[in-house]
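Visitor: I have a structure I would like to understand better, so I am pasting it below and will then ask my questions one at a time.
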Amino acid sequence: MFNLDGKRALVTGATGGLGGEIAKMLHARGAHVAISGTRAEKLQSLASELGDRVSIVPCNLSDGDAVDALPKAAEAAMGGAVDILVANAGITRDGLLMRMKQDDWDLVQKVNLESYFRLSKACLRPMMKSRWGRIIGITSVVGVTGNPGQTNYAASKAGMIGFSKSLAQEVASRGVTVNCIAPGFIASPMTDALNESQKEAILTKIPAGDLGSGADIANAALYLASNEASYVTGQTLHVNGGMAMI
Amino acid sequence: MSDVLARVTKMVVEHLDVEEDKVTGNAHFIDDLGADSLDNVELVMAFEEEFDIEIPDDAAEHIQTVGDAVKFISEKVG
Ligand SMILES: NC(=O)c1ccc[n+]([C@@H]2O[C@H](COP(=O)([O-])OP(=O)(O)OC[C@H]3O[C@@H](n4cnc5c(N)ncnc54)[C@H](OP(=O)(O)O)[C@@H]3O)[C@@H](O)[C@H]2O)c1
């Protein structure tokens with residue numbers, strides 16, 4: 001079950017909390033992983049930790065041309081095309097709409113949504129040829145529920161979901177699945193910075209009574225990447241301890 | 001031209017899993033050969049690779065029959 005021997009995965013945002021866990025999980029199950037991000041030292045230390053079957057493919061996702069070139073770079077580095085794309089990198093530029101700057105809107109759409117479009121498009125051709133592919137977008141519970149102060153972020157994450165459902169229908173007959181994972185509150189450097197009362201306020205909204213971990217998201221990614229999930233497409237898997245049941 | 005026709009025919013037979021005698025010049029990929037719109041896209045991509053040419057999207061839209069494909073490719077390959 002959940003064996004990825006011989007598969008090649010590209011994970012964006014691998015320098016971040018969730019992306020690092022996802023890369024480690026896919027790697028542990030046998031995949032060759034191409035890890036991407038902009039922080040070179042972080043990529044290097046993750047690569048050293050993983051040892052073999054790992055390639056470093058830096059990319060700034062706000063640069064469209066660089067994004068278009070990323071799957072080819074991953075292919076060259078891994079000696080074969082990407083079978084599993086995990087579009088995990090994401091940013092926030094929070095603020096009430098009344099105060100939101102155009103740049104805050106544009107950058108979030110570019111990094112979160114437009115890069116998903118570009119990467120999917122570039123990865124699709126070899127996937128369709130080989131009649132096997134997995135495209136996994138890391139979205140957010142907020143893309144479905146909304147959240148004040150996050151109009152830009154929520155729009156980008158909801159956009160990923162609509163994109164995935166449409167693409168899933170286009171390519172389902174070719175053995176390529178397209179799904180999203182929507183994390184709820186996951187422990188990260190960001191949540192570590194919250195004070196006790198902020199944390200408590202969040203926890204009252206989570207039936208499971210605790211924040212999620214990167215491993216919870218990585219487990220979901222492993223499932224969607226596996227052969228066992230071949231009949232699952234166009235879905236959004238919510239991993240949120242019950243905080244929103246949609 | 002005939003070489004292009006032979007290669008295109010072979011590719012169409014393989015990709016759409018149809019009998020070779022059905023792959024005539026007038027054969028319409030979707031109406032006659034059972035392709036769906038994604039097959040069309042895939043065929044165009046396969047032609048690009050096989051003949052090492054670029055087929056822009058607006059040209060690809062007009063490649064609806066085997067003859068269309070052969071004509072376009074022959075012109076490109078020269
Ligand atoms: N943590 C949560 O509670 C939570 C909840 C819901 C959804 N999510 C989603 O999960 C994903 C991962 O989140 P995380 O918590 O792991 O965040 P994180 O630790 O802040 O990591 C974000 C990642 O995105 C990359 N990134 C940002 N801007 C980039 C750019 N312009 N070009 C290339 N890479 C860029 C970063 O790479 P560099 O630093 O190397 O540039 C980093 O690896 C995000 O899409 C986020 O929206 C997280």
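The way I read the labels, and the way they are meant: chains A, B, ... in the order of the structure tokens, residue 1 as the first residue of every chain, and ligand 1 as the first ligand shown, with later ones counted on from there.
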If the cut-off is 10 Å, can you tell me the residues of chain A near chain B, counting only C-alpha atoms? I'd like them as a PyMOL selection string.
Guide: chain A and resi 125+128-129+170-171+173-174
Visitor: List every residue of chain B that DSSP, applied to the backbone of this structure, assigns to alpha helix (DSSP H), and report them as a VMD selection string.
Guide: chain B and resid 2 to 16 37 to 51 57 to 61 66 to 77
Visitor: Taking the DSSP secondary structure from the backbone, can you list the residues of stretch 44-236 of chain A that are strand (DSSP E or B), as an mmCIF file with N, CA, C and O atoms, in the first residue's frame?
Guide:
data_model
loop_
_atom_site.group_PDB
_atom_site.id
_atom_site.type_symbol
_atom_site.label_atom_id
_atom_site.label_comp_id
_atom_site.auth_asym_id
_atom_site.auth_seq_id
_atom_site.Cartn_x
_atom_site.Cartn_y
_atom_site.Cartn_z
ATOM 1 N N VAL A 54 17.087 12.587 -4.340
ATOM 2 C CA VAL A 54 16.608 13.947 -4.105
ATOM 3 C C VAL A 54 17.332 14.914 -5.039
ATOM 4 O O VAL A 54 18.519 14.742 -5.311
ATOM 5 N N SER A 55 16.596 15.875 -5.582
ATOM 6 C CA SER A 55 17.190 16.885 -6.458
ATOM 7 C C SER A 55 16.721 18.252 -5.995
ATOM 8 O O SER A 55 15.577 18.416 -5.582
ATOM 9 N N ILE A 56 17.620 19.217 -6.092
ATOM 10 C CA ILE A 56 17.295 20.585 -5.686
ATOM 11 C C ILE A 56 16.960 21.404 -6.922
ATOM 12 O O ILE A 56 17.764 21.475 -7.852
ATOM 13 N N ILE A 84 4.330 13.196 -10.032
ATOM 14 C CA ILE A 84 3.517 13.715 -8.927
ATOM 15 C C ILE A 84 3.904 15.175 -8.698
ATOM 16 O O ILE A 84 5.060 15.465 -8.374
ATOM 17 N N LEU A 85 2.953 16.065 -8.900
ATOM 18 C CA LEU A 85 3.204 17.483 -8.628
ATOM 19 C C LEU A 85 2.478 17.856 -7.337
ATOM 20 O O LEU A 85 1.269 17.665 -7.232
ATOM 21 N N VAL A 86 3.224 18.359 -6.369
ATOM 22 C CA VAL A 86 2.583 18.879 -5.165
ATOM 23 C C VAL A 86 2.830 20.384 -5.129
ATOM 24 O O VAL A 86 3.945 20.842 -4.847
ATOM 25 N N ALA A 87 1.790 21.149 -5.466
ATOM 26 C CA ALA A 87 1.890 22.607 -5.474
ATOM 27 C C ALA A 87 1.529 23.084 -4.077
ATOM 28 O O ALA A 87 0.360 23.250 -3.734
ATOM 29 N N GLY A 133 -0.632 10.204 -13.576
ATOM 30 C CA GLY A 133 -0.158 11.453 -13.013
ATOM 31 C C GLY A 133 -0.982 11.842 -11.800
ATOM 32 O O GLY A 133 -2.138 11.445 -11.648
ATOM 33 N N ARG A 134 -0.333 12.617 -10.934
ATOM 34 C CA ARG A 134 -1.013 13.103 -9.740
ATOM 35 C C ARG A 134 -0.703 14.593 -9.602
ATOM 36 O O ARG A 134 0.476 14.974 -9.537
ATOM 37 N N ILE A 135 -1.742 15.390 -9.565
ATOM 38 C CA ILE A 135 -1.556 16.808 -9.298
ATOM 39 C C ILE A 135 -2.272 17.100 -7.987
ATOM 40 O O ILE A 135 -3.461 16.783 -7.836
ATOM 41 N N ILE A 136 -1.527 17.639 -7.053
ATOM 42 C CA ILE A 136 -2.078 17.884 -5.723
ATOM 43 C C ILE A 136 -1.822 19.347 -5.361
ATOM 44 O O ILE A 136 -0.671 19.800 -5.355
ATOM 45 N N GLY A 137 -2.879 20.094 -5.110
ATOM 46 C CA GLY A 137 -2.746 21.490 -4.725
ATOM 47 C C GLY A 137 -3.016 21.639 -3.232
ATOM 48 O O GLY A 137 -4.005 21.112 -2.729
ATOM 49 N N ILE A 138 -2.120 22.328 -2.546
ATOM 50 C CA ILE A 138 -2.366 22.574 -1.123
ATOM 51 C C ILE A 138 -3.132 23.894 -1.016
ATOM 52 O O ILE A 138 -2.585 24.975 -1.239
ATOM 53 N N VAL A 176 -4.858 10.612 -14.939
ATOM 54 C CA VAL A 176 -4.269 11.716 -14.175
ATOM 55 C C VAL A 176 -5.335 12.235 -13.214
ATOM 56 O O VAL A 176 -6.439 12.587 -13.637
ATOM 57 N N THR A 177 -5.026 12.274 -11.937
ATOM 58 C CA THR A 177 -5.981 12.814 -10.969
ATOM 59 C C THR A 177 -5.508 14.181 -10.474
ATOM 60 O O THR A 177 -4.303 14.465 -10.455
ATOM 61 N N VAL A 178 -6.466 15.009 -10.117
ATOM 62 C CA VAL A 178 -6.171 16.364 -9.649
ATOM 63 C C VAL A 178 -7.005 16.604 -8.396
ATOM 64 O O VAL A 178 -8.242 16.574 -8.450
ATOM 65 N N ASN A 179 -6.357 16.785 -7.290
ATOM 66 C CA ASN A 179 -7.065 16.960 -6.018
ATOM 67 C C ASN A 179 -6.411 18.053 -5.180
ATOM 68 O O ASN A 179 -5.262 18.418 -5.411
ATOM 69 N N CYS A 180 -7.154 18.522 -4.211
ATOM 70 C CA CYS A 180 -6.601 19.492 -3.265
ATOM 71 C C CYS A 180 -6.610 18.925 -1.850
ATOM 72 O O CYS A 180 -7.428 18.072 -1.514
ATOM 73 N N ILE A 181 -5.712 19.436 -1.055
ATOM 74 C CA ILE A 181 -5.745 19.193 0.386
ATOM 75 C C ILE A 181 -5.969 20.542 1.036
ATOM 76 O O ILE A 181 -5.286 21.520 0.703
ATOM 77 N N ALA A 182 -6.941 20.605 1.936
ATOM 78 C CA ALA A 182 -7.233 21.865 2.622
ATOM 79 C C ALA A 182 -6.899 21.725 4.103
ATOM 80 O O ALA A 182 -7.700 21.213 4.887
ATOM 81 N N PRO A 183 -5.700 22.160 4.491
ATOM 82 C CA PRO A 183 -5.354 22.108 5.913
ATOM 83 C C PRO A 183 -6.190 23.114 6.703
ATOM 84 O O PRO A 183 -6.578 24.164 6.183
ATOM 85 N N ILE A 186 -2.552 24.266 11.323
ATOM 86 C CA ILE A 186 -1.452 23.325 11.463
ATOM 87 C C ILE A 186 -0.331 24.028 12.243
ATOM 88 O O ILE A 186 -0.021 25.192 11.972
ATOM 89 N N GLY A 212 -3.215 20.678 14.049
ATOM 90 C CA GLY A 212 -2.690 19.574 13.253
ATOM 91 C C GLY A 212 -1.186 19.675 13.138
ATOM 92 O O GLY A 212 -0.582 20.671 13.537
ATOM 93 N N THR A 236 -11.516 17.797 -2.654
ATOM 94 C CA THR A 236 -10.734 18.554 -1.684
ATOM 95 C C THR A 236 -10.787 17.784 -0.379
ATOM 96 O O THR A 236 -11.863 17.569 0.172
#
Visitor: Could you tell me, counting only C-alpha atoms and all ligand atoms, which protein and nucleic acid residues lie no more than 6 Å from ligand 1, written as a PDB file with all heavy atoms, in the first residue's frame?
Guide:
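This is the output file pocket.pdb:
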ATOM      1  N   GLY A  13       7.628  24.763  -2.312  1.00  0.00           N
ATOM      2  CA  GLY A  13       7.535  25.175  -0.910  1.00  0.00           C
ATOM      3  C   GLY A  13       8.119  24.132   0.017  1.00  0.00           C
ATOM      4  O   GLY A  13       7.713  24.023   1.175  1.00  0.00           O
ATOM      5  N   ALA A  14       9.106  23.364  -0.481  1.00  0.00           N
ATOM      6  CA  ALA A  14       9.695  22.292   0.330  1.00  0.00           C
ATOM      7  C   ALA A  14      10.543  22.859   1.462  1.00  0.00           C
ATOM      8  O   ALA A  14      10.915  22.142   2.389  1.00  0.00           O
ATOM      9  CB  ALA A  14      10.523  21.361  -0.550  1.00  0.00           C
ATOM     10  N   THR A  15      10.859  24.143   1.402  1.00  0.00           N
ATOM     11  CA  THR A  15      11.615  24.774   2.478  1.00  0.00           C
ATOM     12  C   THR A  15      10.705  25.155   3.647  1.00  0.00           C
ATOM     13  O   THR A  15      11.180  25.538   4.705  1.00  0.00           O
ATOM     14  CB  THR A  15      12.297  26.063   1.969  1.00  0.00           C
ATOM     15  OG1 THR A  15      11.304  26.855   1.306  1.00  0.00           O
ATOM     16  CG2 THR A  15      13.407  25.746   0.992  1.00  0.00           C
ATOM     17  N   GLY A  16       9.410  25.056   3.448  1.00  0.00           N
ATOM     18  CA  GLY A  16       8.460  25.441   4.489  1.00  0.00           C
ATOM     19  C   GLY A  16       8.071  24.267   5.365  1.00  0.00           C
ATOM     20  O   GLY A  16       8.499  23.131   5.144  1.00  0.00           O
ATOM     21  N   GLY A  17       7.236  24.556   6.360  1.00  0.00           N
ATOM     22  CA  GLY A  17       6.845  23.544   7.337  1.00  0.00           C
ATOM     23  C   GLY A  17       6.154  22.354   6.695  1.00  0.00           C
ATOM     24  O   GLY A  17       6.582  21.206   6.848  1.00  0.00           O
ATOM     25  N   LEU A  18       5.097  22.626   5.952  1.00  0.00           N
ATOM     26  CA  LEU A  18       4.325  21.513   5.394  1.00  0.00           C
ATOM     27  C   LEU A  18       5.054  20.853   4.220  1.00  0.00           C
ATOM     28  O   LEU A  18       5.079  19.631   4.111  1.00  0.00           O
ATOM     29  CB  LEU A  18       2.949  21.996   4.921  1.00  0.00           C
ATOM     30  CG  LEU A  18       2.085  22.712   5.975  1.00  0.00           C
ATOM     31  CD1 LEU A  18       0.673  22.919   5.446  1.00  0.00           C
ATOM     32  CD2 LEU A  18       2.057  21.930   7.263  1.00  0.00           C
ATOM     33  N   GLY A  19       5.634  21.672   3.367  1.00  0.00           N
ATOM     34  CA  GLY A  19       6.297  21.126   2.182  1.00  0.00           C
ATOM     35  C   GLY A  19       7.434  20.190   2.533  1.00  0.00           C
ATOM     36  O   GLY A  19       7.628  19.159   1.883  1.00  0.00           O
ATOM     37  N   GLY A  37      12.014  25.805  -3.806  1.00  0.00           N
ATOM     38  CA  GLY A  37      11.816  26.910  -2.880  1.00  0.00           C
ATOM     39  C   GLY A  37      12.794  27.990  -3.297  1.00  0.00           C
ATOM     40  O   GLY A  37      13.459  27.846  -4.334  1.00  0.00           O
ATOM     41  N   THR A  38      12.892  29.063  -2.517  1.00  0.00           N
ATOM     42  CA  THR A  38      13.886  30.079  -2.874  1.00  0.00           C
ATOM     43  C   THR A  38      15.077  30.087  -1.917  1.00  0.00           C
ATOM     44  O   THR A  38      16.122  30.636  -2.234  1.00  0.00           O
ATOM     45  CB  THR A  38      13.278  31.511  -2.885  1.00  0.00           C
ATOM     46  OG1 THR A  38      12.902  31.868  -1.561  1.00  0.00           O
ATOM     47  CG2 THR A  38      12.078  31.597  -3.815  1.00  0.00           C
ATOM     48  N   ARG A  39      14.931  29.479  -0.726  1.00  0.00           N
ATOM     49  CA  ARG A  39      16.033  29.529   0.248  1.00  0.00           C
ATOM     50  C   ARG A  39      17.006  28.373   0.020  1.00  0.00           C
ATOM     51  O   ARG A  39      16.739  27.223   0.389  1.00  0.00           O
ATOM     52  CB  ARG A  39      15.472  29.476   1.667  1.00  0.00           C
ATOM     53  CG  ARG A  39      14.959  30.831   2.166  1.00  0.00           C
ATOM     54  CD  ARG A  39      14.287  30.696   3.504  1.00  0.00           C
ATOM     55  NE  ARG A  39      13.027  29.970   3.414  1.00  0.00           N
ATOM     56  CZ  ARG A  39      12.392  29.449   4.460  1.00  0.00           C
ATOM     57  NH1 ARG A  39      12.898  29.550   5.668  1.00  0.00           N
ATOM     58  NH2 ARG A  39      11.244  28.828   4.289  1.00  0.00           N
ATOM     59  N   CYS A  59      13.385  27.882  -7.368  1.00  0.00           N
ATOM     60  CA  CYS A  59      12.528  28.635  -8.287  1.00  0.00           C
ATOM     61  C   CYS A  59      11.786  29.711  -7.508  1.00  0.00           C
ATOM     62  O   CYS A  59      11.270  29.449  -6.422  1.00  0.00           O
ATOM     63  CB  CYS A  59      11.512  27.689  -8.933  1.00  0.00           C
ATOM     64  SG  CYS A  59      10.361  28.509 -10.050  1.00  0.00           S
ATOM     65  N   ASN A  60      11.741  30.899  -8.083  1.00  0.00           N
ATOM     66  CA  ASN A  60      10.906  31.944  -7.500  1.00  0.00           C
ATOM     67  C   ASN A  60       9.559  31.937  -8.219  1.00  0.00           C
ATOM     68  O   ASN A  60       9.468  32.261  -9.398  1.00  0.00           O
ATOM     69  CB  ASN A  60      11.572  33.311  -7.637  1.00  0.00           C
ATOM     70  CG  ASN A  60      10.769  34.378  -6.912  1.00  0.00           C
ATOM     71  OD1 ASN A  60       9.572  34.204  -6.636  1.00  0.00           O
ATOM     72  ND2 ASN A  60      11.415  35.471  -6.585  1.00  0.00           N
ATOM     73  N   LEU A  61       8.531  31.560  -7.500  1.00  0.00           N
ATOM     74  CA  LEU A  61       7.225  31.346  -8.124  1.00  0.00           C
ATOM     75  C   LEU A  61       6.520  32.639  -8.528  1.00  0.00           C
ATOM     76  O   LEU A  61       5.461  32.592  -9.139  1.00  0.00           O
ATOM     77  CB  LEU A  61       6.315  30.543  -7.176  1.00  0.00           C
ATOM     78  CG  LEU A  61       6.797  29.116  -6.877  1.00  0.00           C
ATOM     79  CD1 LEU A  61       5.847  28.442  -5.893  1.00  0.00           C
ATOM     80  CD2 LEU A  61       6.902  28.288  -8.139  1.00  0.00           C
ATOM     81  N   SER A  62       7.089  33.781  -8.177  1.00  0.00           N
ATOM     82  CA  SER A  62       6.468  35.018  -8.640  1.00  0.00           C
ATOM     83  C   SER A  62       6.997  35.397 -10.027  1.00  0.00           C
ATOM     84  O   SER A  62       6.562  36.378 -10.619  1.00  0.00           O
ATOM     85  CB  SER A  62       6.691  36.151  -7.639  1.00  0.00           C
ATOM     86  OG  SER A  62       8.066  36.423  -7.516  1.00  0.00           O
ATOM     87  N   ASN A  88       2.565  23.235  -3.281  1.00  0.00           N
ATOM     88  CA  ASN A  88       2.355  23.508  -1.859  1.00  0.00           C
ATOM     89  C   ASN A  88       2.745  24.923  -1.451  1.00  0.00           C
ATOM     90  O   ASN A  88       2.214  25.453  -0.476  1.00  0.00           O
ATOM     91  CB  ASN A  88       3.146  22.473  -1.034  1.00  0.00           C
ATOM     92  CG  ASN A  88       3.441  22.955   0.366  1.00  0.00           C
ATOM     93  OD1 ASN A  88       2.581  22.914   1.229  1.00  0.00           O
ATOM     94  ND2 ASN A  88       4.650  23.454   0.589  1.00  0.00           N
ATOM     95  N   ALA A  89       3.647  25.536  -2.202  1.00  0.00           N
ATOM     96  CA  ALA A  89       4.111  26.869  -1.787  1.00  0.00           C
ATOM     97  C   ALA A  89       2.928  27.832  -1.718  1.00  0.00           C
ATOM     98  O   ALA A  89       2.012  27.762  -2.539  1.00  0.00           O
ATOM     99  CB  ALA A  89       5.147  27.395  -2.771  1.00  0.00           C
ATOM    100  N   GLY A  90       2.936  28.695  -0.751  1.00  0.00           N
ATOM    101  CA  GLY A  90       1.856  29.666  -0.638  1.00  0.00           C
ATOM    102  C   GLY A  90       2.255  30.793   0.290  1.00  0.00           C
ATOM    103  O   GLY A  90       3.111  30.619   1.166  1.00  0.00           O
ATOM    104  N   ILE A  91       1.657  31.948   0.053  1.00  0.00           N
ATOM    105  CA  ILE A  91       1.960  33.107   0.894  1.00  0.00           C
ATOM    106  C   ILE A  91       0.666  33.794   1.324  1.00  0.00           C
ATOM    107  O   ILE A  91      -0.383  33.605   0.720  1.00  0.00           O
ATOM    108  CB  ILE A  91       2.834  34.147   0.148  1.00  0.00           C
ATOM    109  CG1 ILE A  91       2.157  34.577  -1.174  1.00  0.00           C
ATOM    110  CG2 ILE A  91       4.220  33.616  -0.107  1.00  0.00           C
ATOM    111  CD1 ILE A  91       2.776  35.824  -1.788  1.00  0.00           C
ATOM    112  N   VAL A 111       1.637  33.952  -6.804  1.00  0.00           N
ATOM    113  CA  VAL A 111       2.383  32.866  -6.157  1.00  0.00           C
ATOM    114  C   VAL A 111       1.469  31.669  -5.851  1.00  0.00           C
ATOM    115  O   VAL A 111       1.857  30.517  -6.045  1.00  0.00           O
ATOM    116  CB  VAL A 111       3.059  33.375  -4.861  1.00  0.00           C
ATOM    117  CG1 VAL A 111       3.692  32.219  -4.090  1.00  0.00           C
ATOM    118  CG2 VAL A 111       4.099  34.433  -5.202  1.00  0.00           C
ATOM    119  N   ILE A 138      -2.120  22.328  -2.546  1.00  0.00           N
ATOM    120  CA  ILE A 138      -2.366  22.574  -1.123  1.00  0.00           C
ATOM    121  C   ILE A 138      -3.132  23.894  -1.016  1.00  0.00           C
ATOM    122  O   ILE A 138      -2.585  24.975  -1.239  1.00  0.00           O
ATOM    123  CB  ILE A 138      -1.058  22.632  -0.308  1.00  0.00           C
ATOM    124  CG1 ILE A 138      -0.207  21.381  -0.554  1.00  0.00           C
ATOM    125  CG2 ILE A 138      -1.396  22.781   1.183  1.00  0.00           C
ATOM    126  CD1 ILE A 138      -0.857  20.052  -0.212  1.00  0.00           C
ATOM    127  N   THR A 139      -4.389  23.774  -0.680  1.00  0.00           N
ATOM    128  CA  THR A 139      -5.229  24.956  -0.559  1.00  0.00           C
ATOM    129  C   THR A 139      -5.404  25.255   0.931  1.00  0.00           C
ATOM    130  O   THR A 139      -4.471  25.099   1.711  1.00  0.00           O
ATOM    131  CB  THR A 139      -6.549  24.742  -1.354  1.00  0.00           C
ATOM    132  OG1 THR A 139      -7.441  25.777  -1.070  1.00  0.00           O
ATOM    133  CG2 THR A 139      -7.196  23.413  -1.094  1.00  0.00           C
ATOM    134  N   SER A 140      -6.572  25.672   1.366  1.00  0.00           N
ATOM    135  CA  SER A 140      -6.764  25.993   2.782  1.00  0.00           C
ATOM    136  C   SER A 140      -8.246  25.931   3.106  1.00  0.00           C
ATOM    137  O   SER A 140      -9.089  26.210   2.248  1.00  0.00           O
ATOM    138  CB  SER A 140      -6.251  27.403   3.083  1.00  0.00           C
ATOM    139  OG  SER A 140      -6.685  27.812   4.361  1.00  0.00           O
ATOM    140  N   PRO A 183      -5.700  22.160   4.491  1.00  0.00           N
ATOM    141  CA  PRO A 183      -5.354  22.108   5.913  1.00  0.00           C
ATOM    142  C   PRO A 183      -6.190  23.114   6.703  1.00  0.00           C
ATOM    143  O   PRO A 183      -6.578  24.164   6.183  1.00  0.00           O
ATOM    144  CB  PRO A 183      -3.876  22.518   5.940  1.00  0.00           C
ATOM    145  CG  PRO A 183      -3.392  22.468   4.525  1.00  0.00           C
ATOM    146  CD  PRO A 183      -4.598  22.708   3.673  1.00  0.00           C
ATOM    147  N   GLY A 184      -6.427  22.763   7.964  1.00  0.00           N
ATOM    148  CA  GLY A 184      -7.025  23.730   8.891  1.00  0.00           C
ATOM    149  C   GLY A 184      -5.882  24.459   9.593  1.00  0.00           C
ATOM    150  O   GLY A 184      -4.982  24.978   8.942  1.00  0.00           O
ATOM    151  N   PHE A 185      -5.904  24.469  10.921  1.00  0.00           N
ATOM    152  CA  PHE A 185      -4.790  25.075  11.663  1.00  0.00           C
ATOM    153  C   PHE A 185      -3.711  24.034  11.901  1.00  0.00           C
ATOM    154  O   PHE A 185      -3.926  23.060  12.603  1.00  0.00           O
ATOM    155  CB  PHE A 185      -5.272  25.615  13.015  1.00  0.00           C
ATOM    156  CG  PHE A 185      -5.789  27.008  12.925  1.00  0.00           C
ATOM    157  CD1 PHE A 185      -7.146  27.266  13.011  1.00  0.00           C
ATOM    158  CD2 PHE A 185      -4.908  28.072  12.732  1.00  0.00           C
ATOM    159  CE1 PHE A 185      -7.634  28.565  12.914  1.00  0.00           C
ATOM    160  CE2 PHE A 185      -5.393  29.366  12.633  1.00  0.00           C
ATOM    161  CZ  PHE A 185      -6.762  29.609  12.724  1.00  0.00           C
ATOM    162  N   ILE A 186      -2.552  24.266  11.323  1.00  0.00           N
ATOM    163  CA  ILE A 186      -1.452  23.325  11.463  1.00  0.00           C
ATOM    164  C   ILE A 186      -0.331  24.028  12.243  1.00  0.00           C
ATOM    165  O   ILE A 186      -0.021  25.192  11.972  1.00  0.00           O
ATOM    166  CB  ILE A 186      -0.912  22.902  10.081  1.00  0.00           C
ATOM    167  CG1 ILE A 186      -2.050  22.414   9.185  1.00  0.00           C
ATOM    168  CG2 ILE A 186       0.180  21.851  10.225  1.00  0.00           C
ATOM    169  CD1 ILE A 186      -2.814  21.211   9.687  1.00  0.00           C
ATOM    170  N   SER A 188       2.965  25.467  13.165  1.00  0.00           N
ATOM    171  CA  SER A 188       4.035  25.960  12.287  1.00  0.00           C
ATOM    172  C   SER A 188       4.707  27.117  13.012  1.00  0.00           C
ATOM    173  O   SER A 188       4.217  27.572  14.046  1.00  0.00           O
ATOM    174  CB  SER A 188       3.434  26.451  10.970  1.00  0.00           C
ATOM    175  OG  SER A 188       2.671  27.614  11.208  1.00  0.00           O
TER     176      SER A 188
END
Visitor: Near stretch 55-72 of chain B, counting only C-alpha atoms, which residues have an atom at most 10 Å away, once you skip same-chain residues fewer than 5 positions from it, shown as a short mmCIF file (atom, residue, chain, number, x, y, z; two decimals) with N, CA and C atoms, in the first residue's frame?
Guide:
data_model
loop_
_atom_site.label_atom_id
_atom_site.label_comp_id
_atom_site.auth_asym_id
_atom_site.auth_seq_id
_atom_site.Cartn_x
_atom_site.Cartn_y
_atom_site.Cartn_z
N MET B 1 5.58 14.09 -48.84
CA MET B 1 4.14 14.03 -48.59
C MET B 1 3.72 12.61 -48.21
N SER B 2 4.15 11.65 -49.04
CA SER B 2 3.69 10.28 -48.78
C SER B 2 4.33 9.74 -47.50
N ASP B 3 5.55 10.18 -47.26
CA ASP B 3 6.21 9.77 -46.02
C ASP B 3 5.45 10.33 -44.82
N VAL B 4 5.06 11.60 -44.93
CA VAL B 4 4.29 12.22 -43.85
C VAL B 4 2.98 11.46 -43.66
N LEU B 5 2.32 11.16 -44.75
CA LEU B 5 1.05 10.44 -44.67
C LEU B 5 1.22 9.10 -43.96
N ALA B 6 2.29 8.39 -44.33
CA ALA B 6 2.51 7.08 -43.72
C ALA B 6 2.75 7.21 -42.22
N ARG B 7 3.56 8.21 -41.84
CA ARG B 7 3.86 8.37 -40.41
C ARG B 7 2.63 8.82 -39.63
N VAL B 8 1.90 9.76 -40.23
CA VAL B 8 0.69 10.24 -39.55
C VAL B 8 -0.31 9.09 -39.39
N THR B 9 -0.47 8.32 -40.45
CA THR B 9 -1.41 7.20 -40.40
C THR B 9 -1.04 6.24 -39.27
N VAL B 12 -1.86 7.75 -35.90
CA VAL B 12 -3.30 7.80 -35.63
C VAL B 12 -3.81 6.40 -35.28
N VAL B 23 -8.26 5.14 -41.71
CA VAL B 23 -7.49 6.38 -41.61
C VAL B 23 -7.22 6.93 -43.02
N THR B 24 -8.27 7.49 -43.60
CA THR B 24 -8.17 8.08 -44.93
C THR B 24 -7.99 9.59 -44.80
N GLY B 25 -7.71 10.25 -45.91
CA GLY B 25 -7.51 11.70 -45.88
C GLY B 25 -8.69 12.46 -45.32
N ASN B 26 -9.89 12.02 -45.64
CA ASN B 26 -11.08 12.75 -45.17
C ASN B 26 -11.49 12.39 -43.76
N ALA B 27 -10.87 11.36 -43.23
CA ALA B 27 -11.35 10.87 -41.93
C ALA B 27 -11.22 11.97 -40.88
N HIS B 28 -12.33 12.27 -40.24
CA HIS B 28 -12.40 13.29 -39.20
C HIS B 28 -12.05 12.61 -37.87
N PHE B 29 -11.10 13.21 -37.15
CA PHE B 29 -10.64 12.53 -35.93
C PHE B 29 -11.80 12.25 -34.98
N ILE B 30 -12.65 13.25 -34.78
CA ILE B 30 -13.72 13.08 -33.79
C ILE B 30 -14.91 12.32 -34.37
N ASP B 31 -15.39 12.77 -35.55
CA ASP B 31 -16.62 12.17 -36.09
C ASP B 31 -16.41 10.75 -36.62
N ASP B 32 -15.24 10.51 -37.22
CA ASP B 32 -15.05 9.21 -37.89
C ASP B 32 -14.15 8.25 -37.12
N LEU B 33 -13.25 8.80 -36.35
CA LEU B 33 -12.25 7.92 -35.73
C LEU B 33 -12.42 7.79 -34.22
N ASN B 40 -7.45 14.87 -29.66
CA ASN B 40 -6.97 15.82 -30.67
C ASN B 40 -5.75 16.57 -30.16
N VAL B 41 -5.84 17.05 -28.93
CA VAL B 41 -4.71 17.78 -28.34
C VAL B 41 -3.49 16.86 -28.27
N LEU B 43 -2.84 14.20 -30.07
CA LEU B 43 -2.31 13.91 -31.40
C LEU B 43 -1.44 15.05 -31.90
N VAL B 44 -1.93 16.27 -31.70
CA VAL B 44 -1.16 17.43 -32.14
C VAL B 44 0.19 17.47 -31.42
N MET B 45 0.16 17.19 -30.14
CA MET B 45 1.42 17.17 -29.38
C MET B 45 2.34 16.07 -29.92
N PHE B 47 2.35 14.87 -32.99
CA PHE B 47 2.87 15.32 -34.30
C PHE B 47 4.04 16.27 -34.09
N GLU B 48 3.89 17.17 -33.14
CA GLU B 48 4.97 18.13 -32.88
C GLU B 48 6.27 17.41 -32.57
N VAL B 77 7.31 20.88 -42.73
CA VAL B 77 8.53 20.09 -42.90
C VAL B 77 9.19 20.44 -44.23
N GLY B 78 8.37 20.89 -45.16
CA GLY B 78 8.89 21.39 -46.44
C GLY B 78 9.17 20.28 -47.43
#
Visitor: Have a look at A:Ala81, A:Ala244, A:Asp94, A:Asp103 and name the one nearest to A:Met127; count only C-alpha atoms.
Guide: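 Closest to A:Met127 of all the choices is A:Ala81.
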